[in-house]
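Content type compact mmCIF, C-alpha atoms, from the file start.txt:
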```
# COMPACT_ATOMS: atom_id res chain seq x y z
CA MET A 1 0.00 0.00 0.00
CA VAL A 2 1.38 3.39 -1.02
CA GLN A 3 1.51 5.88 1.84
CA VAL A 4 1.64 9.50 0.72
CA SER A 5 2.56 12.35 2.99
CA VAL A 6 2.00 15.86 1.60
CA LYS A 7 3.48 19.05 3.05
CA PRO A 8 2.07 21.56 3.82
CA GLU A 9 -1.16 20.09 5.16
CA SER A 10 -3.22 23.05 3.94
CA PHE A 11 -2.70 25.83 1.41
CA GLU A 12 -3.20 29.58 1.47
CA MET A 13 -1.82 30.75 -1.88
CA VAL A 14 -3.45 28.09 -4.06
CA PHE A 15 -6.71 26.16 -4.02
CA TYR A 16 -5.18 22.72 -3.55
CA ASP A 17 -6.52 19.89 -1.44
CA VAL A 18 -4.05 17.55 0.27
CA ALA A 19 -6.44 14.60 -0.04
CA VAL A 20 -6.83 15.07 -3.80
CA ILE A 21 -3.07 15.43 -4.25
CA GLY A 22 -2.55 12.25 -2.22
CA GLU A 23 -5.01 10.38 -4.44
CA VAL A 24 -3.20 11.42 -7.62
CA VAL A 25 0.24 10.54 -6.25
CA THR A 26 -1.10 7.17 -5.09
CA GLU A 27 -2.68 6.50 -8.48
CA VAL A 28 0.56 7.26 -10.34
CA ALA A 29 2.67 5.25 -7.90
CA GLU A 30 0.41 2.22 -8.16
CA ARG A 31 0.40 2.37 -11.96
CA LEU A 32 4.20 2.40 -11.90
CA GLY A 33 4.43 -0.41 -9.36
CA VAL A 34 5.80 1.75 -6.54
CA ASP A 35 4.59 0.29 -3.26
CA GLU A 36 6.17 2.32 -0.48
CA ALA A 37 5.93 5.59 1.43
CA ILE A 38 6.25 8.82 -0.54
CA THR A 39 6.77 12.29 0.89
CA LEU A 40 5.84 15.26 -1.29
CA ASP A 41 6.95 18.78 -0.37
CA ILE A 42 5.13 21.58 -2.20
CA ASP A 43 6.28 25.21 -2.36
CA GLU A 44 2.92 26.86 -2.82
CA ASN A 45 4.54 30.30 -3.12
CA SER A 46 6.00 29.49 -6.52
CA PRO A 47 3.93 29.25 -9.72
CA LEU A 48 6.97 27.91 -11.57
CA GLY A 49 7.11 24.26 -12.60
CA ARG A 50 10.33 22.99 -11.05
CA SER A 51 10.57 19.59 -9.40
CA LYS A 52 13.29 17.42 -7.92
CA ILE A 53 13.98 14.26 -5.98
CA LEU A 54 15.05 15.02 -2.43
CA SER A 55 15.60 11.43 -1.45
CA TYR A 56 15.66 8.13 -3.36
CA ASP A 57 15.17 5.86 -0.37
CA PRO A 58 12.82 6.62 1.27
CA ILE A 59 11.17 8.49 -1.60
CA GLY A 60 11.11 12.24 -1.02
CA LEU A 61 9.91 14.60 -3.75
CA TRP A 62 9.85 18.41 -3.95
CA VAL A 63 7.84 20.53 -6.41
CA ASP A 64 6.89 24.13 -7.08
CA GLY A 65 3.16 24.63 -6.67
CA GLY A 66 3.08 25.49 -10.37
CA ALA A 67 4.20 21.95 -11.24
CA LEU A 68 0.80 20.70 -10.06
CA GLU A 69 -1.25 23.60 -11.46
CA ASN A 70 -4.00 23.69 -14.06
CA THR A 71 -2.61 26.20 -16.58
CA GLN A 72 -6.13 27.05 -17.74
CA ARG A 73 -7.20 27.93 -14.22
CA PRO A 74 -4.28 29.46 -12.33
CA ARG A 75 -4.07 28.60 -8.60
CA ASN A 76 -6.21 25.49 -9.18
CA PHE A 77 -4.93 21.93 -9.04
CA GLY A 78 -4.30 20.22 -12.37
CA GLN A 79 -4.57 16.44 -12.39
CA ALA A 80 -2.96 15.87 -15.79
CA ARG A 81 0.00 18.09 -15.05
CA SER A 82 0.43 16.49 -11.63
CA ARG A 83 0.45 12.99 -13.12
CA ASP A 84 3.15 14.11 -15.55
CA THR A 85 5.27 15.73 -12.83
CA ILE A 86 5.00 12.90 -10.30
CA GLY A 87 5.28 10.23 -12.98
CA ARG A 88 8.55 11.63 -14.34
CA LEU A 89 10.08 11.80 -10.86
CA LEU A 90 9.02 8.29 -9.90
CA LEU A 91 10.24 6.84 -13.20
CA ARG A 92 13.62 8.46 -12.63
CA ILE A 93 13.77 6.80 -9.21
CA LEU A 94 12.81 3.43 -10.69
CA ASP A 95 15.40 3.84 -13.45
CA ARG A 96 18.18 4.58 -10.98
CA ARG A 97 17.18 1.58 -8.87
CA SER A 98 17.16 -0.73 -11.90
CA GLY A 99 20.93 -1.04 -12.25
CA ARG A 100 20.72 0.31 -15.83
CA PHE A 101 21.55 3.82 -14.62
CA ASP A 102 24.44 3.14 -12.26
CA ASP A 103 26.75 5.14 -14.50
CA ALA A 104 24.39 8.12 -14.82
CA PRO A 105 25.50 11.48 -13.37
CA THR A 106 23.76 12.59 -10.19
CA ASP A 107 20.67 14.76 -10.67
CA ASP A 108 22.69 17.87 -9.83
CA GLU A 109 25.25 16.97 -12.50
CA LEU A 110 22.78 16.35 -15.32
CA ASP A 111 22.86 19.10 -17.95
CA LEU A 112 19.76 20.44 -19.72
CA SER A 113 20.25 18.18 -22.76
CA GLN A 114 20.57 15.07 -20.61
CA PHE A 115 17.53 16.02 -18.57
CA ALA A 116 15.53 16.65 -21.74
CA ALA A 117 16.51 13.29 -23.23
CA TRP A 118 15.70 11.35 -20.07
CA ASP A 119 12.38 13.19 -19.72
CA VAL A 120 11.40 12.26 -23.27
CA HIS A 121 12.03 8.60 -22.47
CA ASN A 122 10.02 8.94 -19.24
CA VAL A 123 7.04 10.77 -20.71
CA GLY A 124 6.89 8.40 -23.67
CA ARG A 125 6.58 5.51 -21.23
CA LEU A 126 4.00 7.39 -19.14
CA GLU A 127 1.88 8.04 -22.21
CA ARG A 128 1.79 4.36 -23.08
CA ILE A 129 0.32 3.49 -19.69
CA GLY A 130 -2.20 6.33 -19.91
CA LEU A 131 -0.49 8.79 -17.58
CA GLY A 132 -0.05 11.96 -19.57
CA GLY A 133 1.58 12.76 -22.85
CA GLN A 134 2.04 16.18 -24.45
CA ARG A 135 4.30 14.60 -27.03
CA LYS A 136 4.71 17.79 -29.06
CA ARG A 137 5.60 19.82 -25.98
CA ARG A 138 8.35 17.33 -25.22
CA LEU A 139 9.50 17.40 -28.84
CA TYR A 140 9.82 21.18 -28.67
CA GLN A 141 11.83 20.98 -25.46
CA PHE A 142 14.04 18.26 -26.95
CA ARG A 143 14.66 20.31 -30.10
CA ASN A 144 15.64 23.33 -27.96
CA ARG A 145 18.33 21.20 -26.32
CA HIS A 146 19.42 19.13 -29.32
CA GLY A 147 18.72 21.22 -32.39
CA PHE A 148 15.87 21.74 -34.82
CA THR A 149 17.07 19.03 -37.20
CA ASP A 150 15.82 15.78 -38.72
CA LEU A 151 18.58 13.99 -36.80
CA ALA A 152 17.25 15.34 -33.49
CA ASP A 153 13.67 14.40 -34.43
CA ALA A 154 14.77 10.83 -35.19
CA ALA A 155 16.56 10.68 -31.82
CA PHE A 156 13.40 11.92 -30.13
CA GLU A 157 11.37 9.14 -31.74
CA GLU A 158 13.82 6.54 -30.51
CA LEU A 159 13.76 7.87 -26.95
CA TRP A 160 9.98 8.28 -26.93
CA GLY A 161 9.18 4.87 -28.35
CA SER A 162 11.67 2.69 -26.45
CA SER A 163 10.53 0.68 -23.46
CA GLU A 164 13.47 0.52 -21.08
CA LEU A 165 16.68 2.17 -22.17
CA SER A 166 19.84 2.25 -20.09
CA TRP A 167 21.63 5.49 -19.24
CA ALA A 168 24.38 4.62 -21.72
CA GLU A 169 21.78 4.28 -24.49
CA ILE A 170 20.05 7.57 -23.59
CA GLU A 171 23.39 9.35 -23.51
CA ARG A 172 24.43 7.83 -26.86
CA ILE A 173 21.20 8.95 -28.52
CA SER A 174 21.36 12.42 -26.98
CA VAL A 175 25.01 13.10 -27.80
CA GLY A 176 24.65 11.65 -31.27
CA CYS A 177 22.14 14.23 -32.46
CA ARG A 178 23.31 17.44 -30.79
CA THR A 179 24.18 20.33 -33.09
CA MET B 1 -25.28 46.31 -34.58
CA ARG B 2 -24.46 47.87 -31.22
CA LYS B 3 -21.49 50.10 -30.55
CA ILE B 4 -18.80 49.37 -27.91
CA PHE B 5 -19.08 45.61 -27.53
CA PRO B 6 -18.35 44.42 -23.94
CA ALA B 7 -15.35 42.15 -23.30
CA GLU B 8 -17.51 39.68 -21.37
CA GLU B 9 -19.44 38.84 -24.53
CA LEU B 10 -16.54 38.16 -26.88
CA ALA B 11 -17.17 34.91 -28.74
CA ARG B 12 -14.97 32.02 -27.62
CA ASP B 13 -15.46 28.28 -27.86
CA SER B 14 -15.14 25.86 -24.95
CA ARG B 15 -11.38 25.57 -25.28
CA PHE B 16 -10.85 29.07 -23.92
CA ILE B 17 -11.02 29.86 -20.20
CA ARG B 18 -11.17 33.53 -19.21
CA GLN B 19 -9.18 34.85 -16.26
CA THR B 20 -10.43 38.20 -14.96
CA ASN B 21 -8.12 41.08 -14.17
CA GLU B 22 -9.05 40.70 -10.51
CA GLN B 23 -8.01 37.06 -10.57
CA ARG B 24 -4.79 37.83 -12.39
CA MET B 25 -3.73 40.77 -10.26
CA GLY B 26 -5.04 39.09 -7.11
CA ASP B 27 -2.75 36.09 -7.40
CA PRO B 28 -0.71 36.34 -4.18
CA ARG B 29 2.23 34.63 -5.90
CA GLY B 30 2.60 37.58 -8.28
CA ALA B 31 1.20 38.27 -11.73
CA ARG B 32 2.22 35.67 -14.30
CA ILE B 33 4.15 36.44 -17.43
CA ALA B 34 5.68 34.09 -19.91
CA GLY B 35 5.15 31.08 -17.70
CA GLY B 36 7.14 32.60 -14.89
CA ASN B 37 6.57 34.53 -11.71
CA ALA B 38 7.00 38.26 -12.24
CA SER B 39 7.55 39.06 -8.59
CA GLY B 40 10.93 37.45 -8.13
CA ASN B 41 13.76 35.56 -9.77
CA LEU B 42 13.49 37.58 -12.96
CA ALA B 43 15.58 36.37 -15.86
CA LYS B 44 15.73 37.27 -19.51
CA LEU B 45 13.75 34.77 -21.54
CA THR B 46 16.33 32.59 -23.28
CA PRO B 47 16.50 28.89 -24.26
CA ASP B 48 19.29 28.43 -21.70
CA LEU B 49 16.86 28.76 -18.80
CA PRO B 50 15.79 25.34 -17.48
CA ASN B 51 12.15 26.36 -18.09
CA GLY B 52 12.95 28.53 -21.13
CA PRO B 53 11.06 26.45 -23.73
CA ASP B 54 7.96 26.20 -21.51
CA ARG B 55 8.02 29.93 -20.79
CA ALA B 56 8.27 30.60 -24.52
CA ARG B 57 5.25 28.34 -25.08
CA ALA B 58 3.23 30.21 -22.47
CA LEU B 59 4.25 33.58 -23.90
CA MET B 60 3.38 32.44 -27.41
CA HIS B 61 -0.09 31.50 -26.22
CA GLY B 62 -0.43 34.95 -24.66
CA ILE B 63 0.55 36.45 -28.02
CA PHE B 64 -2.05 34.29 -29.75
CA VAL B 65 -4.97 35.45 -27.58
CA GLY B 66 -3.59 38.99 -27.83
CA GLU B 67 -3.80 38.76 -31.62
CA ILE B 68 -7.41 37.63 -31.44
CA GLN B 69 -8.27 40.58 -29.19
CA ALA B 70 -6.28 43.01 -31.35
CA LEU B 71 -8.29 41.84 -34.36
CA GLU B 72 -11.52 42.29 -32.43
CA GLY B 73 -10.42 45.73 -31.19
CA ALA B 74 -9.37 47.05 -34.60
CA GLY B 75 -12.59 45.70 -36.08
CA ARG B 76 -14.63 47.51 -33.44
CA THR B 77 -12.77 50.75 -34.17
CA CYS B 78 -13.84 50.45 -37.80
CA TRP B 79 -17.46 50.23 -36.66
CA ASP B 80 -17.84 52.08 -33.36
CA PHE B 81 -17.19 55.61 -34.64
CA GLU B 82 -19.07 57.78 -37.15
CA LEU B 83 -17.25 58.93 -40.25
CA GLY B 84 -16.55 62.62 -40.36
CA ASP B 85 -17.94 63.52 -36.94
CA GLU B 86 -15.67 61.25 -34.96
CA VAL B 87 -12.96 59.82 -37.25
CA PRO B 88 -11.76 60.32 -40.82
CA LEU B 89 -12.05 57.59 -43.45
CA ALA B 90 -8.27 57.21 -43.56
CA LEU B 91 -8.27 56.14 -39.89
CA LYS B 92 -10.88 53.47 -40.60
CA LEU B 93 -8.84 52.29 -43.57
CA ASP B 94 -5.77 51.98 -41.32
CA MET B 95 -7.84 49.93 -38.86
CA ALA B 96 -9.12 47.74 -41.70
CA ARG B 97 -5.54 47.12 -42.76
CA GLN B 98 -4.69 46.31 -39.16
CA CYS B 99 -7.56 43.78 -39.05
CA TRP B 100 -6.00 42.00 -42.01
CA ASP B 101 -2.60 42.00 -40.26
CA GLU B 102 -4.05 40.71 -36.98
CA ALA B 103 -6.01 37.98 -38.74
CA ARG B 104 -2.79 36.85 -40.41
CA HIS B 105 -1.01 37.01 -37.05
CA CYS B 106 -3.71 34.79 -35.54
CA GLU B 107 -3.06 32.17 -38.21
CA ILE B 108 0.71 32.43 -37.75
CA SER B 109 0.28 32.13 -33.97
CA VAL B 110 -1.87 29.02 -34.34
CA SER B 111 0.85 27.46 -36.50
CA LEU B 112 3.54 28.47 -34.03
CA ALA B 113 1.53 26.99 -31.15
CA GLU B 114 1.42 23.72 -33.07
CA HIS B 115 5.16 24.00 -33.75
CA MET B 116 5.87 24.55 -30.03
CA GLY B 117 3.54 21.81 -28.80
CA THR B 118 0.91 24.07 -27.29
CA GLU B 119 -2.81 23.40 -27.45
CA LEU B 120 -5.14 26.32 -28.12
CA GLY B 121 -6.66 27.28 -24.79
CA GLU B 122 -3.93 25.52 -22.81
CA TYR B 123 -3.43 28.68 -20.78
CA ALA B 124 -5.98 31.09 -19.31
CA GLU B 125 -7.01 34.10 -21.42
CA ASN B 126 -7.07 37.62 -19.98
CA ALA B 127 -9.03 40.27 -21.91
CA LEU B 128 -7.18 43.38 -20.75
CA LEU B 129 -6.04 44.17 -24.29
CA TYR B 130 -9.57 44.19 -25.66
CA GLU B 131 -10.80 46.18 -22.68
CA ALA B 132 -8.35 48.94 -23.59
CA ALA B 133 -9.94 48.85 -27.04
CA CYS B 134 -13.34 49.74 -25.55
CA ASN B 135 -12.47 53.37 -24.76
CA PRO B 136 -15.23 55.57 -26.20
CA ASP B 137 -12.77 58.21 -27.44
CA PRO B 138 -11.06 57.02 -30.64
CA VAL B 139 -7.90 58.97 -29.82
CA LEU B 140 -7.60 57.40 -26.39
CA ARG B 141 -8.42 54.00 -27.85
CA LEU B 142 -5.70 54.21 -30.49
CA THR B 143 -3.22 55.58 -27.99
CA GLY B 144 -3.93 52.82 -25.46
CA VAL B 145 -4.00 50.00 -27.96
CA ASN B 146 -1.69 51.04 -30.79
CA ARG B 147 0.93 52.87 -28.76
CA ALA B 148 0.88 51.11 -25.35
CA LEU B 149 -0.15 47.56 -26.22
CA GLU B 150 1.23 47.26 -29.73
CA GLY B 151 4.34 48.93 -28.30
CA LEU B 152 4.55 46.10 -25.79
CA ALA B 153 4.05 43.70 -28.70
CA ILE B 154 7.19 45.16 -30.32
CA ASP B 155 9.17 44.28 -27.19
CA VAL B 156 7.61 40.82 -26.93
CA PHE B 157 8.07 39.92 -30.59
CA ASN B 158 11.66 41.06 -30.57
CA THR B 159 12.34 38.98 -27.45
CA MET B 160 10.73 35.92 -29.07
CA LYS B 161 12.63 36.51 -32.30
CA GLU B 162 15.89 36.51 -30.32
CA PHE B 163 14.75 33.39 -28.47
CA GLY B 164 14.24 31.62 -31.81
CA ASN B 165 17.62 32.80 -33.04
CA MET B 166 19.41 31.56 -29.91
CA ALA B 167 17.59 28.21 -30.03
CA GLY B 168 18.44 27.69 -33.69
CA ASP B 169 14.73 27.66 -34.50
CA PRO B 170 14.27 29.44 -37.85
CA VAL B 171 10.50 28.93 -37.86
CA LEU B 172 10.02 30.93 -34.66
CA GLU B 173 12.67 33.50 -35.54
CA PHE B 174 11.31 34.40 -38.97
CA CYS B 175 7.62 34.30 -37.98
CA GLU B 176 8.32 36.71 -35.12
CA ASP B 177 10.38 38.95 -37.39
CA TRP B 178 7.55 39.23 -39.92
CA MET B 179 4.98 39.99 -37.24
CA LEU B 180 7.34 42.48 -35.62
CA ALA B 181 7.46 44.46 -38.86
CA ASP B 182 3.65 44.75 -38.81
CA GLU B 183 3.65 45.79 -35.15
CA VAL B 184 6.03 48.67 -35.86
CA THR B 185 3.55 49.83 -38.51
CA HIS B 186 0.62 49.56 -36.07
CA VAL B 187 2.43 51.61 -33.45
CA LYS B 188 3.36 54.18 -36.09
CA MET B 189 -0.33 54.41 -37.00
CA GLY B 190 -1.13 55.15 -33.37
CA SER B 191 1.60 57.78 -33.14
CA ASP B 192 0.49 59.45 -36.39
CA TRP B 193 -3.22 59.52 -35.53
CA LEU B 194 -2.53 60.78 -32.03
CA ARG B 195 -0.60 63.71 -33.50
CA ARG B 196 -3.12 64.46 -36.27
CA LEU B 197 -6.32 64.20 -34.22
CA THR B 198 -5.01 66.29 -31.34
CA GLU B 199 -3.18 68.88 -33.40
CA ASN B 200 -5.31 71.70 -31.99
CA ASP B 201 -6.51 70.02 -28.81
CA LYS B 202 -3.84 69.97 -26.10
CA ASP B 203 -6.29 68.76 -23.46
CA ARG B 204 -7.24 65.70 -25.51
CA LEU B 205 -3.59 64.98 -26.24
CA ASP B 206 -2.78 65.06 -22.53
CA LYS B 207 -5.70 62.75 -21.73
CA ALA B 208 -4.61 60.30 -24.42
CA LEU B 209 -1.03 60.21 -23.20
CA GLU B 210 -2.25 59.73 -19.64
CA PHE B 211 -4.42 56.82 -20.78
CA GLN B 212 -1.38 55.35 -22.51
CA LYS B 213 0.54 55.56 -19.26
CA VAL B 214 -2.26 53.82 -17.38
CA VAL B 215 -2.25 50.97 -19.89
CA ASP B 216 1.56 50.81 -19.92
CA ARG B 217 1.54 50.65 -16.13
CA LEU B 218 -1.06 47.85 -16.11
CA PHE B 219 1.18 45.85 -18.42
CA SER B 220 4.37 46.56 -16.52
CA PHE B 221 3.71 43.45 -14.39
CA ASN B 222 6.12 44.26 -11.63
CA GLY B 223 8.79 45.40 -14.06
CA PHE B 224 8.98 42.31 -16.27
CA ARG B 225 9.51 44.48 -19.38
CA GLY B 226 12.58 46.71 -19.14
CA GLU B 227 16.15 47.41 -20.10
CA ASP B 228 17.93 45.54 -17.32
CA ASP B 229 19.91 42.47 -18.36
CA ASP B 230 17.56 40.18 -16.43
CA SER B 231 14.30 41.74 -17.66
CA PRO B 232 12.32 38.80 -19.13
CA ILE B 233 11.07 41.02 -21.95
CA GLN B 234 13.59 43.52 -23.29
CA LEU B 235 12.48 47.07 -24.09
CA THR B 236 13.31 47.58 -27.75
CA ARG B 237 14.49 51.14 -28.30
CA ARG B 238 15.31 51.02 -32.01
CA PHE B 239 11.96 49.67 -33.18
CA ARG B 240 10.07 52.02 -30.87
CA GLU B 241 11.95 54.95 -32.39
CA LEU B 242 10.91 53.76 -35.84
CA ALA B 243 7.32 53.63 -34.60
CA GLY B 244 7.27 57.27 -33.54
CA PHE B 245 8.31 57.13 -29.89
CA SER B 246 10.58 59.92 -28.67
CA ASP B 247 13.64 59.16 -26.53
CA GLU B 248 11.86 60.78 -23.58
CA GLU B 249 8.85 58.50 -23.99
CA ILE B 250 11.04 55.40 -24.11
CA ASP B 251 12.98 56.60 -21.05
CA GLU B 252 9.68 57.05 -19.26
CA ILE B 253 8.59 53.47 -19.98
CA ALA B 254 11.96 52.17 -18.81
CA ASP B 255 11.67 54.23 -15.59
CA MET B 256 8.11 53.02 -15.04
CA SER B 257 9.30 49.43 -15.33
CA ARG B 258 12.14 50.01 -12.87
CA ASP B 259 9.74 51.64 -10.41
CA ALA B 260 7.27 48.76 -10.72
CA ARG B 261 10.05 46.28 -10.14
CA PHE B 262 11.30 48.19 -7.10
CA GLU B 263 7.78 48.26 -5.64
CA ALA B 264 7.37 44.52 -6.23
CA THR B 265 10.61 43.61 -4.48
CA ALA B 266 10.54 46.24 -1.71
```
Can the structure in the file be given as structure tokens, please?
Amino acid sequence: MVQVSVKPESFEMVFYDVAVIGEVVTEVAERLGVDEAITLDIDENSPLGRSKILSYDPIGLWVDGGALENTQRPRNFGQARSRDTIGRLLLRILDRRSGRFDDAPTDDELDLSQFAAWDVHNVGRLERIGLGGQRKRRLYQFRNRHGFTDLADAAFEELWGSSELSWAEIERISVGCRT
Amino acid sequence: MRKIFPAEELARDSRFIRQTNEQRMGDPRGARIAGGNASGNLAKLTPDLPNGPDRARALMHGIFVGEIQALEGAGRTCWDFELGDEVPLALKLDMARQCWDEARHCEISVSLAEHMGTELGEYAENALLYEAACNPDPVLRLTGVNRALEGLAIDVFNTMKEFGNMAGDPVLEFCEDWMLADEVTHVKMGSDWLRRLTENDKDRLDKALEFQKVVDRLFSFNGFRGEDDDSPIQLTRRFRELAGFSDEEIDEIADMSRDARFEATA
């Protein structure tokens, strides 16, 4: 059983509900096969969309309030965006635990191109299990980091469509198409 | 057909969600601009920012809804005023030309949204631009819309053009450059009509320039548009000069932005 702990317990800047957030995190975790306690820290003061992993074991996540926001209705909770944010973080944790990412740089050492490439692989996998998508948004981000070229688009397709790449494979694809 | 059409009744389909000025300005986290928070951590919009591409997407959507409202506003100006008594035919012809430009900009913006992976209606729409186009005095309307708001558009388009250039994205760069050329013309129209229609009416000129300041201040968003290196949107002196702004007027906008930023961070 997934146990989700959300901080803060109530919000003043945004119209978020801890119970609803907990339900979404639980749903995403269960779909990804994560069966353990998760702590989620939310900075409700920030409408930006940053997120990071505070701790891999036990799982501790941190996000800007904007990373869970409905962009059509500012200050309101957005389920789709939250699934995308939480899903990407949890997949990164699962990847690092798999043994396929033992040679990956730490999160602090990843550059923007590496982050973009890994995110494409994560969101592609999330889309296939029905947890988000925004394929074209990810393509645009990937192109910004790797170039607006046919080579970069082909690399994107490979990252998006693959099931379980290793870090070495992601890095090879990313480096191979940069302009 | 009625004159002065209210912003609340603008036609939108279900994809578009309206955010009122009260909601926007009342956000305790600070007014939003370009996908970022205007109240702190300002940074020039470039692809090198971790959230640069997403901020560009959000700004492009803001441009898109702005183009729709600019089309609606210019169209209303063609209709809302009587020929001869209130405005000359040449002014209506300029507004008709502007409608054609804005309609083309809407189509370009839709294509750019697709290019950048943004869905139409993905972000909330604010109708402040159209509301400025509801002023019952045609001189004030043109000053508020064509000088203040289209002037802002010059700054925004130039920033986006540079963003496209830095990212190596020729589609964004050239589309913004083409639209920027039209915006300079629109601002020039506002400058020319302000001068011609107030030639012998100092009081009306003063009122129009004051209205322009009010609109400029509303869109200063805590100083997000300015000349500092970290201003998300860069004030574009050269194009504003081409559009009929004096050095003093540009200095005043830059000062206003600095003041707004100081107030936001004090």
(message) Contacts from chain B to chain A, 9 Å maximum, all atoms listed in the file: show me the residue list as a PyMOL selection string.
(response) chain B and resi 16-19+23-24+27-30+32+35-37+47-54+57+114-118+121-125+167-170
(message) Rounded to one decimal, what separation in Å do you get between CA of Asn76 (chain A) and CA of Phe15 (chain A)?
(response)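 Interatomic distance here is 5.2 Å.
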(message) Between CA of Pro136 (chain B) and CA of Gly66 (chain B), what is the distance in Å, rounded to a tenth?
(response) 20.3 Å
Selection: 10 Å around region 150-167 of chain A, all atoms listed in the file, excl. self and same-chain fewer than 6 positions, as a PDB file with C-alpha atoms, keeping the file's coordinate frame:
```
ATOM      1  CA  ASP A  95      15.400   3.840 -13.450  1.00  0.00           C
ATOM      2  CA  ARG A  96      18.180   4.580 -10.980  1.00  0.00           C
ATOM      3  CA  SER A  98      17.160  -0.730 -11.900  1.00  0.00           C
ATOM      4  CA  GLY A  99      20.930  -1.040 -12.250  1.00  0.00           C
ATOM      5  CA  ARG A 100      20.720   0.310 -15.830  1.00  0.00           C
ATOM      6  CA  PHE A 101      21.550   3.820 -14.620  1.00  0.00           C
ATOM      7  CA  ASP A 102      24.440   3.140 -12.260  1.00  0.00           C
ATOM      8  CA  ASP A 103      26.750   5.140 -14.500  1.00  0.00           C
ATOM      9  CA  ALA A 104      24.390   8.120 -14.820  1.00  0.00           C
ATOM     10  CA  PRO A 105      25.500  11.480 -13.370  1.00  0.00           C
ATOM     11  CA  GLN A 114      20.570  15.070 -20.610  1.00  0.00           C
ATOM     12  CA  ALA A 116      15.530  16.650 -21.740  1.00  0.00           C
ATOM     13  CA  ALA A 117      16.510  13.290 -23.230  1.00  0.00           C
ATOM     14  CA  TRP A 118      15.700  11.350 -20.070  1.00  0.00           C
ATOM     15  CA  ASP A 119      12.380  13.190 -19.720  1.00  0.00           C
ATOM     16  CA  VAL A 120      11.400  12.260 -23.270  1.00  0.00           C
ATOM     17  CA  HIS A 121      12.030   8.600 -22.470  1.00  0.00           C
ATOM     18  CA  ASN A 122      10.020   8.940 -19.240  1.00  0.00           C
ATOM     19  CA  VAL A 123       7.040  10.770 -20.710  1.00  0.00           C
ATOM     20  CA  GLY A 124       6.890   8.400 -23.670  1.00  0.00           C
ATOM     21  CA  ARG A 125       6.580   5.510 -21.230  1.00  0.00           C
ATOM     22  CA  LEU A 126       4.000   7.390 -19.140  1.00  0.00           C
ATOM     23  CA  GLU A 127       1.880   8.040 -22.210  1.00  0.00           C
ATOM     24  CA  ARG A 128       1.790   4.360 -23.080  1.00  0.00           C
ATOM     25  CA  ARG A 135       4.300  14.600 -27.030  1.00  0.00           C
ATOM     26  CA  ARG A 138       8.350  17.330 -25.220  1.00  0.00           C
ATOM     27  CA  LEU A 139       9.500  17.400 -28.840  1.00  0.00           C
ATOM     28  CA  TYR A 140       9.820  21.180 -28.670  1.00  0.00           C
ATOM     29  CA  PHE A 142      14.040  18.260 -26.950  1.00  0.00           C
ATOM     30  CA  ARG A 143      14.660  20.310 -30.100  1.00  0.00           C
ATOM     31  CA  ASN A 144      15.640  23.330 -27.960  1.00  0.00           C
ATOM     32  CA  ILE A 173      21.200   8.950 -28.520  1.00  0.00           C
ATOM     33  CA  SER A 174      21.360  12.420 -26.980  1.00  0.00           C
ATOM     34  CA  VAL A 175      25.010  13.100 -27.800  1.00  0.00           C
ATOM     35  CA  GLY A 176      24.650  11.650 -31.270  1.00  0.00           C
ATOM     36  CA  CYS A 177      22.140  14.230 -32.460  1.00  0.00           C
ATOM     37  CA  ARG A 178      23.310  17.440 -30.790  1.00  0.00           C
ATOM     38  CA  THR A 179      24.180  20.330 -33.090  1.00  0.00           C
TER      39      THR A 179
END
```
(request) Record the distance separating CA of Ile233 (chain B) and CA of Ile42 (chain A), expressed in Å with one decimal. (result)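 CA of Ile42 (chain A) lies at a distance of 28.3 Å from CA of Ile233 (chain B).
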(request) Can you work out which one of A:Gly60, A:Gly65, A:Gly133, A:Glu109 has the shortest atom-to-atom distance to Gly78 (chain A), counting all atoms listed in the file? (result)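 Nearest candidate to Gly78 (chain A) out of A:Gly60, A:Gly65, A:Gly133, A:Glu109: A:Gly65.
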May I have the centre and edge lengths, in Å to one decimal, of an axis-aligned box around the listed atoms of region 52-65 of chain A with 3 Å added to every side, as AutoDock Vina command-line options?
```
--center_x 9.4 --center_y 15.2 --center_z -3.3 --size_x 18.5 --size_y 24.8 --size_z 15.2
```
(request) Counting only C-alpha atoms, find the residues whose atoms lie at most 12 Å from (-9.5, 52.8, -42.2) (file coordinates) and write them out as a VMD selection string. (result) chain B and resid 74 to 79 81 to 83 87 to 100 189 193
Convert the current residue selection to file output with C-alpha atoms, as a short mmCIF file (atom, residue, chain, number, x, y, z; two decimals), in the coordinates of the input.
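Final file, out16.cif:
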```
data_model
loop_
_atom_site.label_atom_id
_atom_site.label_comp_id
_atom_site.auth_asym_id
_atom_site.auth_seq_id
_atom_site.Cartn_x
_atom_site.Cartn_y
_atom_site.Cartn_z
CA ALA B 74 -9.37 47.05 -34.60
CA GLY B 75 -12.59 45.70 -36.08
CA ARG B 76 -14.63 47.51 -33.44
CA THR B 77 -12.77 50.75 -34.17
CA CYS B 78 -13.84 50.45 -37.80
CA TRP B 79 -17.46 50.23 -36.66
CA PHE B 81 -17.19 55.61 -34.64
CA GLU B 82 -19.07 57.78 -37.15
CA LEU B 83 -17.25 58.93 -40.25
CA VAL B 87 -12.96 59.82 -37.25
CA PRO B 88 -11.76 60.32 -40.82
CA LEU B 89 -12.05 57.59 -43.45
CA ALA B 90 -8.27 57.21 -43.56
CA LEU B 91 -8.27 56.14 -39.89
CA LYS B 92 -10.88 53.47 -40.60
CA LEU B 93 -8.84 52.29 -43.57
CA ASP B 94 -5.77 51.98 -41.32
CA MET B 95 -7.84 49.93 -38.86
CA ALA B 96 -9.12 47.74 -41.70
CA ARG B 97 -5.54 47.12 -42.76
CA GLN B 98 -4.69 46.31 -39.16
CA CYS B 99 -7.56 43.78 -39.05
CA TRP B 100 -6.00 42.00 -42.01
CA MET B 189 -0.33 54.41 -37.00
CA TRP B 193 -3.22 59.52 -35.53
#
```
